[in-house]
Amino acid sequence: MKLTEENFVQVLNNNQGIIRKVANSYCKNIGDRDDLIQEITIQLWKSWKGYNDTYKISTWIYRIALNVAISFYRKTYRHNRLNQITLEEDAFIDHSENSHQSENIRQLYQFISKLSELNKALILMHLDRYDYEEIASIMGISRTNVSTKISRIKQHLKKEFKLKPE
């Protein structure tokens, strides 16, 4: 792939969903979210010439976005003990779905927002249908570790759904 500004803009436009999902997961207010999206974009641009095309571009973007988001989160919310991130329903829900399904999806993302930084990143990539090898590569952990952690996260989320008030 020839590294040009036009390619960068095209790649960025094609992968906005990843960037927005990561930003929505780590920021509770719109201003911070916009700042984080901008910071991710800057870091992607700075890293553009170092892109190794043996990896999928989406994997590369996810890795950078998560690293920037985690750093941003730690810096921005260091003194905030609540550690809860409220996710806006509009960021994740297709409003053409029925209302019961939309409510379940909203609940799912609410439960995900309460997970640790690592677990949140893992389950979001899993929900985006990344395979365990890709997740392991992005997160810098073993495939077995990814499999184990995702299984535990799923069990935890199932328990949360069983405990939720009707």
# chains A, B, ... in the order shown; residues from 1 in each chain; ligands from 1

call {"tool": "residues_around", "arguments": {"residues": "Leu118 of chain A", "least_positions_apart": "6", "cutoff": "12 Å", "atoms": "only C-alpha atoms", "output": "list in words"}}
result
Ser25, Tyr26, Leu66, Asn67, Ala69, Ile70, Ile112, Leu124, Met125, Ile135, Ala136, Ile138, Met139, Gly140, Ile141, Asn145, Val146, Lys149, Ile150 and Ile153 of chain A

call {"tool": "atom_distance", "arguments": {"atom1": "atom CA of Tyr130 of chain A", "atom2": "atom CA of Gln16 of chain A"}}
result
16.3 Å

call {"tool": "residues_around", "arguments": {"residues": "Ser71 of chain A", "least_positions_apart": "4", "cutoff": "12 Å", "atoms": "only C-alpha atoms", "output": "compact mmCIF listing (two decimals) with C-alpha atoms, in the first residue's frame"}}
result
# COMPACT_ATOMS: atom_id res chain seq x y z
CA ALA A 23 -13.99 6.47 22.24
CA TYR A 26 -13.77 5.15 27.42
CA CYS A 27 -15.40 8.60 27.64
CA LEU A 36 -10.20 11.30 22.33
CA GLU A 39 -6.07 12.20 19.79
CA ILE A 40 -6.55 8.74 18.24
CA ILE A 64 -3.54 2.26 18.48
CA ALA A 65 -7.05 3.40 19.42
CA LEU A 66 -7.11 1.21 22.53
CA ASN A 67 -3.65 2.31 23.65
CA LYS A 75 -4.93 10.74 32.54
CA THR A 76 -8.42 12.27 32.41
CA TYR A 77 -10.11 10.23 35.11
CA ARG A 78 -7.20 9.42 37.42
CA GLU A 117 -10.14 -1.56 30.87

call {"tool": "closest_residue", "arguments": {"among": "A:Ser58, A:Thr148, A:Gln110, A:Ser137", "to": "Glu160 of chain A", "atoms": "only C-alpha atoms"}}
result
A:Gln110

call {"tool": "closest_residue", "arguments": {"among": "A:Val11, A:Leu122, A:Ile105, A:Ile30", "to": "Ile57 of chain A", "atoms": "only C-alpha atoms"}}
result
A:Val11

call {"tool": "closest_residue", "arguments": {"among": "A:Arg33, A:Arg63, A:Lys158, A:Arg152", "to": "Gln107 of chain A", "atoms": "only C-alpha atoms"}}
result
A:Lys158

call {"tool": "residues_around", "arguments": {"residues": "segment 45-52 of chain A", "least_positions_apart": "2", "cutoff": "10 Å", "atoms": "only C-alpha atoms", "output": "PyMOL selection string"}}
result
chain A and resi 1-5+7-9+12+39-43+54-57+60-61+64

call {"tool": "atom_distance", "arguments": {"atom1": "atom CA of Asn119 of chain A", "atom2": "atom CA of Asn15 of chain A"}}
result
21.9 Å

call {"tool": "select_by_dssp", "arguments": {"residues": "chain A", "states": "alpha helix (DSSP H)", "output": "ChimeraX atom specification"}}
result
/A:5-14,16-26,30-47,57-76,99-113,117-127,132-139,143-163
